[in-house]
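To start, the structure under review is shown below, and the notes come after it.
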Amino acid sequence: MRSRIPRQAAVGDGLNHAELESRLTDELVSVVGGARRRALRDGDRQIDTAHLLHSLLESDPQVRAAFAPPQIARLLGYLVQRSIGYGLRWQIGVEDSGAGPVAPGVPGWSPVAARAMTEAYERAARRGAERAHGIDLLAAIVSAPASRAVEVLGHTGVDVGGTGLRGAGSGGGFEG
């Protein structure tokens with residue numbers, strides 16, 4: 001059976017799948033694959049930032065270290081509820097925060113998720129890394145104030161509004 005969510009680059013610069021994966025760590029390639037499978041299981045038309053957040057929390061220890069243990073439990077509980085029906089209202093629309101231009105030609109990705117992937121690459125490049133890591137993607141996701149992931153974080157009591165990511169990559173966390 002062919003996936004309804006195409007394996008396309010998550011950025012609008014014409015990268016093919018091999019080029020995309022060459023810019024990600026093996027762990028982040030796994031996160032993207034998990035988000036794609038989750039979107040398909042949930043009946044969503046596109047990978048959104050909540051799918052990416054869910055996959056990051058499940059598979060990336062560095063991302064989990066950015067949260068306090070009770071926050072992780074609340075987040076995963078909320079995300080599981082979303083995947084079993086709570087997020088049905090999200091299936092009818094496209095995640096777009098309106099916070100920038102839509103990345104053209106990105107089938108299978110919400111505009112916000114596509115921008116987050118681009119920002120993750122840019123964040124990695126700024127620190128001199130050749131590949132984006134999960135913590136880069138998390139930082140990009142939380143910087144999109146109207147994203148579904150930020151909505152999830154807010155519903156579970158994680159305050160990213162004024163505090164942002166503390167100590168990304170050094171075991172820091174979110175305040176909330």
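Labels used: A, B, ... for chains in the order of the structure tokens, numbers from 1 for residues in each chain, and numbers from 1 for ligands as shown.
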Please identify all polymer residues within 12 Å of Glu122 (chain A), counting only C-alpha atoms, omitting same-chain residues fewer than 3 positions from it, and present them as JSON, numbers by chain. {"A": [11, 23, 24, 115, 116, 117, 118, 119, 125, 126, 127, 128, 129, 130, 131, 132, 133, 136, 137, 139, 140]}
If you keep C-alpha atoms, can you produce a file of those selected residues as a JSON list (two decimals), in the first residue's frame?
```json
[["chain", "number", "residue", "atom", "x", "y", "z"],
["A", 11, "VAL", "CA", 11.91, 22.40, 2.81],
["A", 23, "ARG", "CA", 21.34, 17.15, 6.47],
["A", 24, "LEU", "CA", 19.83, 15.23, 9.42],
["A", 115, "ARG", "CA", 9.51, 25.99, 8.09],
["A", 116, "ALA", "CA", 10.56, 24.30, 11.34],
["A", 117, "MET", "CA", 12.74, 21.84, 9.41],
["A", 118, "THR", "CA", 14.37, 24.73, 7.54],
["A", 119, "GLU", "CA", 14.96, 26.58, 10.80],
["A", 125, "ALA", "CA", 24.61, 25.73, 10.63],
["A", 126, "ARG", "CA", 24.87, 28.73, 12.99],
["A", 127, "ARG", "CA", 26.58, 26.60, 15.59],
["A", 128, "GLY", "CA", 28.87, 25.09, 12.93],
["A", 129, "ALA", "CA", 27.23, 21.67, 12.69],
["A", 130, "GLU", "CA", 26.73, 19.97, 9.36],
["A", 131, "ARG", "CA", 23.55, 18.21, 10.43],
["A", 132, "ALA", "CA", 20.45, 19.18, 12.36],
["A", 133, "HIS", "CA", 19.70, 17.42, 15.64],
["A", 136, "ASP", "CA", 17.44, 22.02, 16.78],
["A", 137, "LEU", "CA", 14.03, 20.91, 15.57],
["A", 139, "ALA", "CA", 13.84, 24.92, 19.23],
["A", 140, "ALA", "CA", 12.43, 25.66, 15.78]]
```
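When only C-alpha atoms are used to compute distances to Ala146 (chain A), the closest of the residues A:Val160, A:Arg74, A:Val63, A:Arg38 turns out to be A:Val160.
Each of A:Thr156, A:Gln62, A:Ser55, A:Thr25 was compared to Ala124 (chain A) using only C-alpha atoms, and A:Thr25 turns out to be the nearest.
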What gap, in Å, lies between CA of Ala144 (chain A) and CA of Ala113 (chain A)? 9.3 Å
